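> Attaching a single structure in structure tokens format; questions to follow.
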Amino acid sequence: MYYIRIAIFSIVFFLLVFATTYFSMRIFMYQPASSCLDCSYLKDTFFFSLFSLLIIPFVLLILDKAKISKTLFLLIISVVFLLIAFINNFNLFKDRVSSWSSYSTKDEIVATIAQSYLYMVTGCIVTLLIFYKMYGRDKP
């Protein structure tokens with residue numbers, strides 16, 4: 001039952017990352033990707049979001065074994081969410097916008113944050129609330 005719970009929350013985390021990434025970068029939906037000219041935006045978003053399924057189960061396992069407070073647990077989950085969502089958004093921006101133009105790395109980071117900060121903050125709050133209500137309930 002313990003591993004099923006981690007799998008369920010990993011899938012919930014993946015869906016939240018996917019939704020956040022999809023909505024925050026959807027303005028670039030119709031721009032072609034430099035890596036694959038006929039790849040759809042939905043497909044790119046899905047595959048970038050799969051990265052979270054590789055990371056979050058290990059984070060949850062480590063945090064469960066660490067016996068930390070619920071507040072610290074939720075803070076770490078929120079930071080991991082923001083990092084993964086930002087990496088996804090950055091990769092999509094780089095692939096669909098900056099590769100066709102002359103952006104510096106600093107400009108790419110600033111443009112990605114400017115485009116997606118509202119969605120990332122909203123997604124982080126939703127993630128925090130879901131994990132607080134469901135996963136973090138039995139933490140010390």
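Residue numbers start at 1 in each chain; chains themselves are named A, B, ... in the order of the structure tokens; ligands are numbered from 1 in the order shown.
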For Met120 of chain A, work out the shell of residues within 10 Å, counting only C-alpha atoms and skipping chain neighbours fewer than 2 positions away, then give it as a PDB file with all heavy atoms, in the first residue's frame.

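Writing done, so here's result31.pdb:
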```pdb
ATOM      1  N   VAL A  17       2.392  19.083 -13.070  1.00  0.00           N
ATOM      2  CA  VAL A  17       3.511  19.638 -13.840  1.00  0.00           C
ATOM      3  C   VAL A  17       3.109  19.789 -15.302  1.00  0.00           C
ATOM      4  O   VAL A  17       3.380  20.817 -15.930  1.00  0.00           O
ATOM      5  CB  VAL A  17       4.774  18.748 -13.693  1.00  0.00           C
ATOM      6  CG1 VAL A  17       5.827  19.115 -14.727  1.00  0.00           C
ATOM      7  CG2 VAL A  17       5.356  18.866 -12.298  1.00  0.00           C
ATOM      8  N   ALA A  19       0.060  20.142 -16.612  1.00  0.00           N
ATOM      9  CA  ALA A  19      -0.922  21.223 -16.769  1.00  0.00           C
ATOM     10  C   ALA A  19      -0.253  22.590 -16.647  1.00  0.00           C
ATOM     11  O   ALA A  19      -0.538  23.499 -17.446  1.00  0.00           O
ATOM     12  CB  ALA A  19      -2.033  21.077 -15.736  1.00  0.00           C
ATOM     13  N   THR A  20       0.621  22.737 -15.693  1.00  0.00           N
ATOM     14  CA  THR A  20       1.316  24.013 -15.509  1.00  0.00           C
ATOM     15  C   THR A  20       2.171  24.341 -16.726  1.00  0.00           C
ATOM     16  O   THR A  20       2.142  25.466 -17.234  1.00  0.00           O
ATOM     17  CB  THR A  20       2.191  23.965 -14.241  1.00  0.00           C
ATOM     18  OG1 THR A  20       1.363  23.715 -13.116  1.00  0.00           O
ATOM     19  CG2 THR A  20       2.943  25.267 -14.045  1.00  0.00           C
ATOM     20  N   THR A  21       2.914  23.364 -17.205  1.00  0.00           N
ATOM     21  CA  THR A  21       3.765  23.584 -18.375  1.00  0.00           C
ATOM     22  C   THR A  21       2.920  23.886 -19.607  1.00  0.00           C
ATOM     23  O   THR A  21       3.224  24.798 -20.371  1.00  0.00           O
ATOM     24  CB  THR A  21       4.651  22.346 -18.635  1.00  0.00           C
ATOM     25  OG1 THR A  21       5.427  22.082 -17.458  1.00  0.00           O
ATOM     26  CG2 THR A  21       5.579  22.568 -19.808  1.00  0.00           C
ATOM     27  N   PHE A  23      -0.172  25.151 -19.898  1.00  0.00           N
ATOM     28  CA  PHE A  23      -0.843  26.449 -19.886  1.00  0.00           C
ATOM     29  C   PHE A  23       0.127  27.619 -19.879  1.00  0.00           C
ATOM     30  O   PHE A  23      -0.161  28.664 -20.444  1.00  0.00           O
ATOM     31  CB  PHE A  23      -1.819  26.549 -18.717  1.00  0.00           C
ATOM     32  CG  PHE A  23      -3.033  25.692 -18.898  1.00  0.00           C
ATOM     33  CD1 PHE A  23      -3.288  24.641 -18.040  1.00  0.00           C
ATOM     34  CD2 PHE A  23      -3.909  25.917 -19.944  1.00  0.00           C
ATOM     35  CE1 PHE A  23      -4.398  23.831 -18.208  1.00  0.00           C
ATOM     36  CE2 PHE A  23      -5.022  25.118 -20.130  1.00  0.00           C
ATOM     37  CZ  PHE A  23      -5.259  24.070 -19.267  1.00  0.00           C
ATOM     38  N   SER A  24       1.278  27.460 -19.253  1.00  0.00           N
ATOM     39  CA  SER A  24       2.196  28.596 -19.166  1.00  0.00           C
ATOM     40  C   SER A  24       2.917  28.881 -20.476  1.00  0.00           C
ATOM     41  O   SER A  24       3.294  30.021 -20.728  1.00  0.00           O
ATOM     42  CB  SER A  24       3.206  28.381 -18.047  1.00  0.00           C
ATOM     43  OG  SER A  24       4.024  27.275 -18.318  1.00  0.00           O
ATOM     44  N   PHE A  81       8.651  21.053  -7.388  1.00  0.00           N
ATOM     45  CA  PHE A  81       7.653  21.363  -8.413  1.00  0.00           C
ATOM     46  C   PHE A  81       8.079  22.573  -9.237  1.00  0.00           C
ATOM     47  O   PHE A  81       8.035  22.546 -10.469  1.00  0.00           O
ATOM     48  CB  PHE A  81       6.283  21.621  -7.778  1.00  0.00           C
ATOM     49  CG  PHE A  81       5.254  22.054  -8.771  1.00  0.00           C
ATOM     50  CD1 PHE A  81       4.554  21.120  -9.510  1.00  0.00           C
ATOM     51  CD2 PHE A  81       4.994  23.401  -8.992  1.00  0.00           C
ATOM     52  CE1 PHE A  81       3.613  21.511 -10.448  1.00  0.00           C
ATOM     53  CE2 PHE A  81       4.062  23.808  -9.923  1.00  0.00           C
ATOM     54  CZ  PHE A  81       3.372  22.852 -10.649  1.00  0.00           C
ATOM     55  N   LEU A  82       8.481  23.645  -8.564  1.00  0.00           N
ATOM     56  CA  LEU A  82       8.883  24.861  -9.271  1.00  0.00           C
ATOM     57  C   LEU A  82      10.094  24.611 -10.166  1.00  0.00           C
ATOM     58  O   LEU A  82      10.154  25.113 -11.296  1.00  0.00           O
ATOM     59  CB  LEU A  82       9.170  25.990  -8.284  1.00  0.00           C
ATOM     60  CG  LEU A  82       7.955  26.621  -7.628  1.00  0.00           C
ATOM     61  CD1 LEU A  82       8.380  27.607  -6.546  1.00  0.00           C
ATOM     62  CD2 LEU A  82       7.084  27.312  -8.660  1.00  0.00           C
ATOM     63  N   LEU A  83      11.059  23.857  -9.667  1.00  0.00           N
ATOM     64  CA  LEU A  83      12.251  23.561 -10.476  1.00  0.00           C
ATOM     65  C   LEU A  83      11.902  22.757 -11.719  1.00  0.00           C
ATOM     66  O   LEU A  83      12.365  23.080 -12.823  1.00  0.00           O
ATOM     67  CB  LEU A  83      13.291  22.820  -9.635  1.00  0.00           C
ATOM     68  CG  LEU A  83      14.054  23.655  -8.623  1.00  0.00           C
ATOM     69  CD1 LEU A  83      14.926  22.764  -7.742  1.00  0.00           C
ATOM     70  CD2 LEU A  83      14.901  24.696  -9.324  1.00  0.00           C
ATOM     71  N   ALA A  85       8.939  22.439 -13.211  1.00  0.00           N
ATOM     72  CA  ALA A  85       8.104  23.244 -14.108  1.00  0.00           C
ATOM     73  C   ALA A  85       8.946  24.286 -14.839  1.00  0.00           C
ATOM     74  O   ALA A  85       8.760  24.513 -16.041  1.00  0.00           O
ATOM     75  CB  ALA A  85       6.976  23.913 -13.326  1.00  0.00           C
ATOM     76  N   PHE A  86       9.882  24.900 -14.126  1.00  0.00           N
ATOM     77  CA  PHE A  86      10.748  25.887 -14.787  1.00  0.00           C
ATOM     78  C   PHE A  86      11.629  25.229 -15.844  1.00  0.00           C
ATOM     79  O   PHE A  86      11.790  25.772 -16.945  1.00  0.00           O
ATOM     80  CB  PHE A  86      11.624  26.632 -13.772  1.00  0.00           C
ATOM     81  CG  PHE A  86      12.580  27.575 -14.442  1.00  0.00           C
ATOM     82  CD1 PHE A  86      12.121  28.779 -14.946  1.00  0.00           C
ATOM     83  CD2 PHE A  86      13.911  27.238 -14.614  1.00  0.00           C
ATOM     84  CE1 PHE A  86      12.993  29.647 -15.603  1.00  0.00           C
ATOM     85  CE2 PHE A  86      14.780  28.095 -15.267  1.00  0.00           C
ATOM     86  CZ  PHE A  86      14.317  29.306 -15.758  1.00  0.00           C
ATOM     87  N   ASN A  89       9.455  24.567 -18.848  1.00  0.00           N
ATOM     88  CA  ASN A  89       9.139  25.817 -19.541  1.00  0.00           C
ATOM     89  C   ASN A  89      10.362  26.363 -20.273  1.00  0.00           C
ATOM     90  O   ASN A  89      10.256  26.833 -21.404  1.00  0.00           O
ATOM     91  CB  ASN A  89       8.611  26.860 -18.557  1.00  0.00           C
ATOM     92  CG  ASN A  89       7.254  26.503 -18.018  1.00  0.00           C
ATOM     93  OD1 ASN A  89       6.531  25.709 -18.598  1.00  0.00           O
ATOM     94  ND2 ASN A  89       6.906  27.084 -16.889  1.00  0.00           N
ATOM     95  N   ILE A 113      10.738  33.119 -17.254  1.00  0.00           N
ATOM     96  CA  ILE A 113      10.109  33.507 -15.981  1.00  0.00           C
ATOM     97  C   ILE A 113       8.978  34.516 -16.223  1.00  0.00           C
ATOM     98  O   ILE A 113       7.895  34.389 -15.646  1.00  0.00           O
ATOM     99  CB  ILE A 113      11.155  34.066 -15.000  1.00  0.00           C
ATOM    100  CG1 ILE A 113      12.090  32.938 -14.542  1.00  0.00           C
ATOM    101  CG2 ILE A 113      10.485  34.728 -13.797  1.00  0.00           C
ATOM    102  CD1 ILE A 113      13.282  33.401 -13.734  1.00  0.00           C
ATOM    103  N   GLN A 115       7.145  34.875 -18.826  1.00  0.00           N
ATOM    104  CA  GLN A 115       6.016  34.227 -19.495  1.00  0.00           C
ATOM    105  C   GLN A 115       5.241  33.301 -18.558  1.00  0.00           C
ATOM    106  O   GLN A 115       4.043  33.149 -18.688  1.00  0.00           O
ATOM    107  CB  GLN A 115       6.517  33.433 -20.715  1.00  0.00           C
ATOM    108  CG  GLN A 115       5.459  32.654 -21.430  1.00  0.00           C
ATOM    109  CD  GLN A 115       4.360  33.534 -21.996  1.00  0.00           C
ATOM    110  OE1 GLN A 115       4.613  34.638 -22.471  1.00  0.00           O
ATOM    111  NE2 GLN A 115       3.129  33.062 -21.930  1.00  0.00           N
ATOM    112  N   SER A 116       5.931  32.662 -17.616  1.00  0.00           N
ATOM    113  CA  SER A 116       5.295  31.564 -16.890  1.00  0.00           C
ATOM    114  C   SER A 116       5.160  31.735 -15.384  1.00  0.00           C
ATOM    115  O   SER A 116       4.642  30.842 -14.726  1.00  0.00           O
ATOM    116  CB  SER A 116       6.067  30.278 -17.172  1.00  0.00           C
ATOM    117  OG  SER A 116       7.388  30.376 -16.680  1.00  0.00           O
ATOM    118  N   TYR A 117       5.592  32.838 -14.814  1.00  0.00           N
ATOM    119  CA  TYR A 117       5.604  32.941 -13.360  1.00  0.00           C
ATOM    120  C   TYR A 117       4.214  32.809 -12.740  1.00  0.00           C
ATOM    121  O   TYR A 117       4.054  32.172 -11.702  1.00  0.00           O
ATOM    122  CB  TYR A 117       6.292  34.228 -12.886  1.00  0.00           C
ATOM    123  CG  TYR A 117       5.471  35.479 -13.055  1.00  0.00           C
ATOM    124  CD1 TYR A 117       4.667  35.939 -12.015  1.00  0.00           C
ATOM    125  CD2 TYR A 117       5.498  36.210 -14.231  1.00  0.00           C
ATOM    126  CE1 TYR A 117       3.912  37.078 -12.158  1.00  0.00           C
ATOM    127  CE2 TYR A 117       4.745  37.353 -14.383  1.00  0.00           C
ATOM    128  CZ  TYR A 117       3.961  37.791 -13.348  1.00  0.00           C
ATOM    129  OH  TYR A 117       3.208  38.919 -13.489  1.00  0.00           O
ATOM    130  N   LEU A 118       3.204  33.395 -13.350  1.00  0.00           N
ATOM    131  CA  LEU A 118       1.858  33.338 -12.787  1.00  0.00           C
ATOM    132  C   LEU A 118       1.339  31.893 -12.753  1.00  0.00           C
ATOM    133  O   LEU A 118       0.778  31.448 -11.757  1.00  0.00           O
ATOM    134  CB  LEU A 118       0.911  34.234 -13.581  1.00  0.00           C
ATOM    135  CG  LEU A 118      -0.502  34.369 -13.033  1.00  0.00           C
ATOM    136  CD1 LEU A 118      -0.471  34.945 -11.626  1.00  0.00           C
ATOM    137  CD2 LEU A 118      -1.329  35.251 -13.937  1.00  0.00           C
ATOM    138  N   THR A 122       0.710  29.557  -9.401  1.00  0.00           N
ATOM    139  CA  THR A 122      -0.606  28.935  -9.232  1.00  0.00           C
ATOM    140  C   THR A 122      -0.480  27.418  -9.121  1.00  0.00           C
ATOM    141  O   THR A 122      -1.082  26.799  -8.246  1.00  0.00           O
ATOM    142  CB  THR A 122      -1.534  29.305 -10.402  1.00  0.00           C
ATOM    143  OG1 THR A 122      -1.617  30.730 -10.490  1.00  0.00           O
ATOM    144  CG2 THR A 122      -2.916  28.713 -10.226  1.00  0.00           C
ATOM    145  N   GLY A 123       0.309  26.815 -10.000  1.00  0.00           N
ATOM    146  CA  GLY A 123       0.543  25.372  -9.942  1.00  0.00           C
ATOM    147  C   GLY A 123       1.210  24.948  -8.655  1.00  0.00           C
ATOM    148  O   GLY A 123       0.883  23.899  -8.083  1.00  0.00           O
ATOM    149  N   CYS A 124       2.124  25.765  -8.164  1.00  0.00           N
ATOM    150  CA  CYS A 124       2.802  25.460  -6.899  1.00  0.00           C
ATOM    151  C   CYS A 124       1.816  25.500  -5.736  1.00  0.00           C
ATOM    152  O   CYS A 124       1.853  24.635  -4.850  1.00  0.00           O
ATOM    153  CB  CYS A 124       3.933  26.447  -6.683  1.00  0.00           C
ATOM    154  SG  CYS A 124       4.905  26.127  -5.212  1.00  0.00           S
ATOM    155  N   ILE A 125       0.928  26.468  -5.727  1.00  0.00           N
ATOM    156  CA  ILE A 125      -0.067  26.562  -4.659  1.00  0.00           C
ATOM    157  C   ILE A 125      -1.027  25.375  -4.705  1.00  0.00           C
ATOM    158  O   ILE A 125      -1.344  24.783  -3.672  1.00  0.00           O
ATOM    159  CB  ILE A 125      -0.824  27.906  -4.741  1.00  0.00           C
ATOM    160  CG1 ILE A 125       0.115  29.051  -4.373  1.00  0.00           C
ATOM    161  CG2 ILE A 125      -2.063  27.907  -3.846  1.00  0.00           C
ATOM    162  CD1 ILE A 125      -0.431  30.434  -4.655  1.00  0.00           C
ATOM    163  N   VAL A 126      -1.459  25.006  -5.912  1.00  0.00           N
ATOM    164  CA  VAL A 126      -2.348  23.844  -6.049  1.00  0.00           C
ATOM    165  C   VAL A 126      -1.630  22.577  -5.589  1.00  0.00           C
ATOM    166  O   VAL A 126      -2.200  21.751  -4.871  1.00  0.00           O
ATOM    167  CB  VAL A 126      -2.849  23.713  -7.511  1.00  0.00           C
ATOM    168  CG1 VAL A 126      -3.553  22.393  -7.727  1.00  0.00           C
ATOM    169  CG2 VAL A 126      -3.756  24.871  -7.859  1.00  0.00           C
TER     170      VAL A 126
END
```
> Please, which residues in segment 60-134 of chain A fall within 10 Å of segment 29-52 of chain A when counting only C-alpha atoms, and what is the closest atom pair and distance in Å to one decimal for each, ordered by chain then residue number, as a tab-separated table?

```
residue	atom	partner	partner_atom	distance
A:Val80	CA	A:Ser52	CA	9.1
A:Phe81	CA	A:Ser52	CA	8.4
A:Leu83	CA	A:Ser52	CA	10.0
A:Ile84	CA	A:Ser52	CA	6.6
A:Ala85	CA	A:Ser49	CA	7.9
A:Ile87	CA	A:Phe48	CA	8.6
A:Asn88	CA	A:Phe48	CA	5.7
A:Asn89	CA	A:Thr45	CA	8.7
A:Asn91	CA	A:Phe48	CA	7.9
A:Leu92	CA	A:Thr45	CA	7.6
A:Phe93	CA	A:Ala33	CA	9.3
A:Lys94	CA	A:Ser34	CA	8.8
A:Asp95	CA	A:Ala33	CA	5.3
A:Arg96	CA	A:Ala33	CA	4.5
A:Val97	CA	A:Gln31	CA	7.5
A:Ser98	CA	A:Ser34	CA	9.4
A:Ser99	CA	A:Ser34	CA	6.5
A:Trp100	CA	A:Ser34	CA	7.3
```
> I'd like the neighbourhood of Ile8 of chain A as a ChimeraX atom specification, where a residue qualifies if any of its atoms comes within 12 Å (using only C-alpha atoms), though same-chain residues fewer than 4 positions away should be ignored.
/A:1-4,12-15,53,56-57,60,131,134-135
> Taking only C-alpha atoms into account, which of A:Ile27, A:Ile11, A:Leu75, A:Phe90 comes nearest Val110 of chain A?
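Nearest candidate to Val110 of chain A out of A:Ile27, A:Ile11, A:Leu75, A:Phe90: A:Phe90.
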> Measuring atom to atom with only C-alpha atoms, identify which of A:Ala7, A:Leu16, A:Ile55, A:Leu128 is nearest to Phe73 of chain A.
A:Leu128
